[in-house]
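Next up, structure_23.txt (compact mmCIF, C-alpha atoms):
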# COMPACT_ATOMS: atom_id res chain seq x y z
CA MET T 1 118.05 5.62 -105.87
CA ALA T 2 116.84 9.15 -105.10
CA ALA T 3 119.48 11.86 -104.96
CA GLY T 4 118.72 12.51 -101.30
CA ARG T 5 119.01 8.79 -100.52
CA GLU T 6 122.50 8.75 -102.06
CA VAL T 7 123.57 11.56 -99.72
CA VAL T 8 122.05 9.75 -96.72
CA GLU T 9 123.92 6.56 -97.68
CA ASP T 10 127.18 8.51 -98.06
CA TYR T 11 126.75 9.99 -94.58
CA SER T 12 125.89 6.62 -93.05
CA HIS T 13 129.00 4.94 -94.46
CA VAL T 14 131.61 7.70 -94.59
CA GLY T 15 130.25 10.57 -92.48
CA LEU T 16 130.24 13.02 -95.40
CA SER T 17 129.19 13.24 -99.03
CA LEU T 18 130.86 14.57 -102.15
CA ARG T 19 127.42 15.11 -103.63
CA ARG T 20 125.12 17.94 -102.58
CA HIS T 21 125.05 19.13 -98.99
CA PRO T 22 122.03 17.75 -97.07
CA VAL T 23 120.72 21.25 -96.30
CA ALA T 24 120.68 22.05 -100.04
CA PHE T 25 117.76 19.60 -100.41
CA LEU T 26 115.83 21.62 -97.82
CA ARG T 27 116.78 25.11 -99.06
CA GLU T 28 113.55 25.78 -100.95
CA ASP T 29 111.43 24.96 -97.88
CA LEU T 30 113.75 27.00 -95.63
CA ALA T 31 113.57 29.98 -97.98
CA LYS T 32 109.77 29.90 -97.79
CA ARG T 33 110.14 30.24 -94.00
CA ARG T 34 112.55 33.18 -94.57
CA VAL T 35 115.53 31.26 -93.20
CA VAL T 36 118.75 32.64 -94.69
CA THR T 37 121.92 30.72 -95.53
CA CYS T 38 124.91 30.75 -93.20
CA ALA T 39 126.86 32.90 -95.68
CA GLU T 40 124.02 35.44 -95.85
CA ALA T 41 123.70 35.54 -92.05
CA MET T 42 127.42 36.12 -91.55
CA ALA T 43 127.35 38.90 -94.19
CA GLN T 44 124.52 40.84 -92.47
CA ARG T 45 125.24 44.18 -90.86
CA ASP T 46 125.64 44.50 -87.10
CA ARG T 47 122.51 44.09 -84.92
CA ARG T 48 120.42 42.76 -87.84
CA TRP T 49 117.77 40.11 -86.97
CA CYS T 50 117.57 36.96 -89.08
CA GLU T 51 117.03 33.22 -88.84
CA VAL T 52 119.72 30.77 -89.97
CA ALA T 53 119.64 26.97 -90.17
CA GLY T 54 122.22 24.24 -90.55
CA LEU T 55 123.75 21.01 -89.33
CA VAL T 56 125.25 21.20 -85.85
CA LEU T 57 128.99 20.59 -86.17
CA VAL T 58 130.42 21.71 -82.84
CA ARG T 59 128.99 22.54 -79.42
CA GLN T 60 131.36 24.14 -76.90
CA ARG T 61 130.66 25.26 -73.38
CA PRO T 62 134.02 26.24 -71.89
CA GLY T 63 134.26 26.61 -68.14
CA SER T 64 135.76 30.07 -68.54
CA ALA T 65 132.74 31.34 -70.56
CA LYS T 66 130.38 31.63 -67.56
CA GLY T 67 127.76 29.27 -69.00
CA VAL T 68 127.80 30.65 -72.56
CA MET T 69 127.64 27.97 -75.26
CA PHE T 70 129.22 28.33 -78.70
CA ILE T 71 127.76 26.34 -81.60
CA THR T 72 129.00 26.02 -85.16
CA LEU T 73 126.35 25.43 -87.84
CA GLU T 74 127.04 24.36 -91.42
CA ASP T 75 124.95 24.53 -94.58
CA GLU T 76 125.73 24.35 -98.29
CA THR T 77 127.19 27.90 -98.28
CA GLY T 78 129.49 27.77 -95.26
CA ILE T 79 129.39 28.03 -91.48
CA ALA T 80 127.75 30.27 -88.89
CA ASN T 81 129.09 30.84 -85.38
CA LEU T 82 126.38 30.99 -82.72
CA VAL T 83 126.48 32.40 -79.21
CA VAL T 84 123.88 30.94 -76.82
CA TRP T 85 123.49 32.75 -73.51
CA PRO T 86 122.78 30.63 -70.39
CA LYS T 87 119.11 31.62 -70.16
CA VAL T 88 118.48 30.67 -73.82
CA PHE T 89 120.45 27.45 -73.29
CA GLU T 90 118.28 26.42 -70.34
CA THR T 91 115.10 27.21 -72.29
CA HIS T 92 116.19 25.12 -75.31
CA ARG T 93 118.50 22.58 -73.60
CA ARG T 94 116.92 19.45 -75.14
CA ILE T 95 117.06 20.85 -78.69
CA ILE T 96 120.61 22.21 -78.35
CA LEU T 97 122.06 18.98 -76.98
CA GLY T 98 120.08 16.52 -79.11
CA ALA T 99 119.23 17.96 -82.52
CA GLY T 100 121.32 17.26 -85.61
CA MET T 101 119.93 20.29 -87.44
CA ILE T 102 118.57 23.49 -85.93
CA ALA T 103 117.19 26.86 -86.98
CA VAL T 104 118.26 29.82 -84.86
CA ARG T 105 116.47 33.16 -84.69
CA GLY T 106 118.81 35.84 -83.47
CA ARG T 107 120.86 38.94 -83.96
CA VAL T 108 124.13 39.41 -85.81
CA GLN T 109 126.99 40.71 -83.69
CA ARG T 110 130.03 42.15 -85.51
CA GLU T 111 133.33 43.29 -84.09
CA GLY T 112 135.74 43.88 -86.94
CA GLU T 113 136.24 40.61 -88.79
CA VAL T 114 134.61 38.52 -86.04
CA VAL T 115 130.92 37.76 -86.67
CA HIS T 116 128.57 35.85 -84.36
CA HIS T 117 124.87 35.11 -84.46
CA VAL T 118 123.46 35.61 -80.95
CA ALA T 119 120.62 33.13 -80.41
CA TYR T 120 117.24 34.13 -78.97
CA GLY T 121 115.08 31.26 -80.26
CA ILE T 122 115.99 27.76 -81.43
CA THR T 123 113.90 25.30 -83.46
CA ASP T 124 114.63 21.60 -83.96
CA LEU T 125 114.80 20.70 -87.68
CA SER T 126 115.85 17.07 -87.23
CA GLN T 127 112.56 15.85 -88.70
CA GLU T 128 113.14 17.89 -91.86
CA LEU T 129 116.70 16.56 -92.04
CA GLY T 130 115.26 13.05 -91.84
CA SER T 131 113.26 13.70 -95.02
CA VAL T 132 116.37 14.26 -97.15
CA GLY T 133 116.46 10.57 -98.14
CA GLU T 134 113.07 10.93 -99.81
CA ARG T 135 114.00 14.01 -101.81
CA ASN T 136 114.70 13.41 -105.47
CA THR T 137 116.41 16.22 -107.29
CA ALA T 138 118.62 15.62 -110.25
CA PHE T 139 122.37 15.97 -109.94
CA PRO T 140 123.86 18.08 -112.72
CA LEU T 141 126.34 15.71 -114.31
CA PRO T 142 129.45 17.31 -115.80
CA HIS T 143 130.45 16.32 -119.30
CA GLY T 144 134.00 15.81 -120.44
CA ARG T 145 136.24 14.66 -123.23
CA GLY T 146 134.46 16.85 -125.73
CA ASP T 147 131.04 15.52 -124.78
CA GLU T 148 131.29 12.60 -127.23
CA PHE T 149 128.01 11.12 -126.07
CA HIS T 150 126.12 14.34 -126.71
CA HIS T 151 127.64 14.72 -130.16
CA GLY T 152 126.82 11.16 -131.25
CA SER T 153 130.22 9.46 -131.11
CA PRO T 154 129.54 5.72 -130.83
CA ALA T 155 133.02 4.81 -129.53
CA HIS T 156 134.13 5.29 -125.95
CA ASP T 157 137.37 7.10 -125.26
CA PRO T 158 139.87 4.41 -124.13
CA ARG T 159 141.29 6.86 -121.58
CA ASP T 160 137.96 6.73 -119.74
CA MET T 161 138.06 2.97 -119.25
CA PRO T 162 139.03 1.88 -115.72
CA LYS T 163 142.37 0.19 -115.23
CA GLY T 164 142.64 -2.84 -112.98
CA LEU T 165 139.92 -4.00 -110.64
CA ARG T 166 136.62 -2.17 -110.42
CA ALA T 167 134.89 -1.46 -107.14
CA ARG T 168 131.50 -3.11 -106.86
CA ASP T 169 128.48 -1.51 -105.27
CA MET T 170 127.22 -3.52 -102.34
CA TYR T 171 123.84 -3.14 -100.76
CA VAL T 172 123.05 -4.91 -97.52
CA ARG T 173 119.38 -4.45 -96.75
CA ASP T 174 119.66 -4.12 -92.97
CA LEU T 175 122.74 -1.89 -92.82
CA HIS T 176 121.43 1.42 -94.18
CA LEU T 177 120.29 4.36 -92.10
CA ASP T 178 117.18 6.38 -92.82
CA THR T 179 118.49 9.67 -91.52
CA ILE T 180 121.69 11.63 -91.73
CA LYS T 181 123.77 11.41 -88.62
CA VAL T 182 126.47 14.05 -88.28
CA LYS T 183 129.12 13.30 -85.71
CA THR T 184 129.34 16.48 -83.67
CA ARG T 185 132.22 17.54 -81.51
CA ASP T 186 130.98 18.47 -78.07
CA PHE T 187 133.30 20.17 -75.60
CA ARG T 188 132.29 20.88 -72.03
Show me this structure written as structure tokens.
Amino acid sequence: MAAGREVVEDYSHVGLSLRRHPVAFLREDLAKRRVVTCAEAMAQRDRRWCEVAGLVLVRQRPGSAKGVMFITLEDETGIANLVVWPKVFETHRRIILGAGMIAVRGRVQREGEVVHHVAYGITDLSQELGSVGERNTAFPLPHGRGDEFHHGSPAHDPRDMPKGLRARDMYVRDLHLDTIKVKTRDFR
């Protein structure tokens, strides 16, 4: 199974993955488009223009905010807090309310420790997110117990043997999803 497919399967069954973040599989393509990570965007100086991309975690449009929407994006480096003004929201309504992954072109706004990315343009990246299952990059596997295998020890360490029942992998052909679905929290 491709590394990306394993992440897609994790998300379809559990809603998260302990493997790589889905956006990490897309990072090389995003970097070619000059899209920065969430951590880089939140570290930019005030009024700096940049484009950031990530999975949509939360959409909030409080009644007291006069039509302003707040979105939280997540990638492999952290989160980015977006501010979407009403005019931008109306222009990109379908993308904002329906996309699982977006790229946002905007300006960094800093006030002390509080950092927001003010959106001016929004692009739907759901199609790119759907390609994660076809991406095949190797997972770096950690070694332990003195790396016996790499040093030629033929015997297994008895402490590594499972105790009790072992979980079996099950694969039901019709129950897998082809795309990552992130359950967002939408507040209106």
**OP:** Just the residues within 10 Å of Ser126 (chain T), please, counting all atoms listed in the file, with nothing from its chain fewer than 3 positions along; format it as a VMD selection string.
**Re:** chain T and resid 55 95 98 to 103 123 129 to 131 179 to 181
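Counting from CA of Gly133 (chain T), the distance to CA of Glu9 (chain T) is 8.5 Å.
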**OP:** Could you jot down the CA of Ala39 (chain T) to CA of Phe70 (chain T) separation for me, Å, one decimal place?
**Re:** 17.7 Å
Original post:
Within 12 Å of Ala3 (chain T), counting all atoms listed in the file, which residues qualify if same-chain residues fewer than 2 places away don't, as number ranges by chain?
Top reply: T: 1, 5-10, 17, 19-22, 24-25, 131-140
Original post:
With distances taken over all atoms listed in the file, which of T:Val56, T:Leu73, T:Ala65, T:Leu18 is nearest to Cys38 (chain T)?
Top reply: T:Leu73
Would you pick out the contacts of Ala43 (chain T) at 10 Å or less, using only C-alpha atoms, so that residues sharing its chain but fewer than 5 positions from it are not included, and give the list as a PDB file with C-alpha atoms, in the coordinates of the input?
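Wrote it out as part-v3.pdb, contents follow:
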ATOM      1  CA  THR T  37     121.920  30.720 -95.530  1.00  0.00           C
ATOM      2  CA  CYS T  38     124.910  30.750 -93.200  1.00  0.00           C
ATOM      3  CA  VAL T 108     124.130  39.410 -85.810  1.00  0.00           C
ATOM      4  CA  ARG T 110     130.030  42.150 -85.510  1.00  0.00           C
ATOM      5  CA  VAL T 115     130.920  37.760 -86.670  1.00  0.00           C
TER       6      VAL T 115
END
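The smallest atom-to-atom distance between Val84 (chain T) and any of T:Val35, T:Leu97, T:Val58, T:Val118, using only C-alpha atoms, is found for T:Val118.
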Original post:
Restricting the calculation to only C-alpha atoms, which member of T:Met42, T:Ile96, T:Ala2, T:Ala31 is positioned closest to Leu57 (chain T)?
Top reply: T:Ile96
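Distance annotation: of T:Thr184, T:Thr72, T:Gln127, T:Gln60, the residue with the minimal separation from Leu26 (chain T) is T:Gln127; atom set is only C-alpha atoms.
Each of T:Gly106, T:Ala53, T:Arg34, T:Arg61 was checked against Arg185 (chain T) using only C-alpha atoms; the smallest atom-to-atom distance is that of T:Arg61.
Around Pro86 (chain T), within 9 Å and counting only C-alpha atoms, the residues found are T:Lys66, T:Gly67, T:Val68, T:Met69, once anything fewer than 6 positions away on its own chain is removed.
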Keeping only C-alpha atoms, write those residues as a compact mmCIF listing (two decimals), in the frame of the given file.
# COMPACT_ATOMS: atom_id res chain seq x y z
CA LYS T 66 130.38 31.63 -67.56
CA GLY T 67 127.76 29.27 -69.00
CA VAL T 68 127.80 30.65 -72.56
CA MET T 69 127.64 27.97 -75.26
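With distances restricted to all atoms listed in the file, T:Val36 is the closest residue to Asp75 (chain T) from T:Ser12, T:Arg93, T:Val36, T:Gly112.
Between CA of Leu30 (chain T) and CA of Gly54 (chain T) the separation is 10.3 Å.
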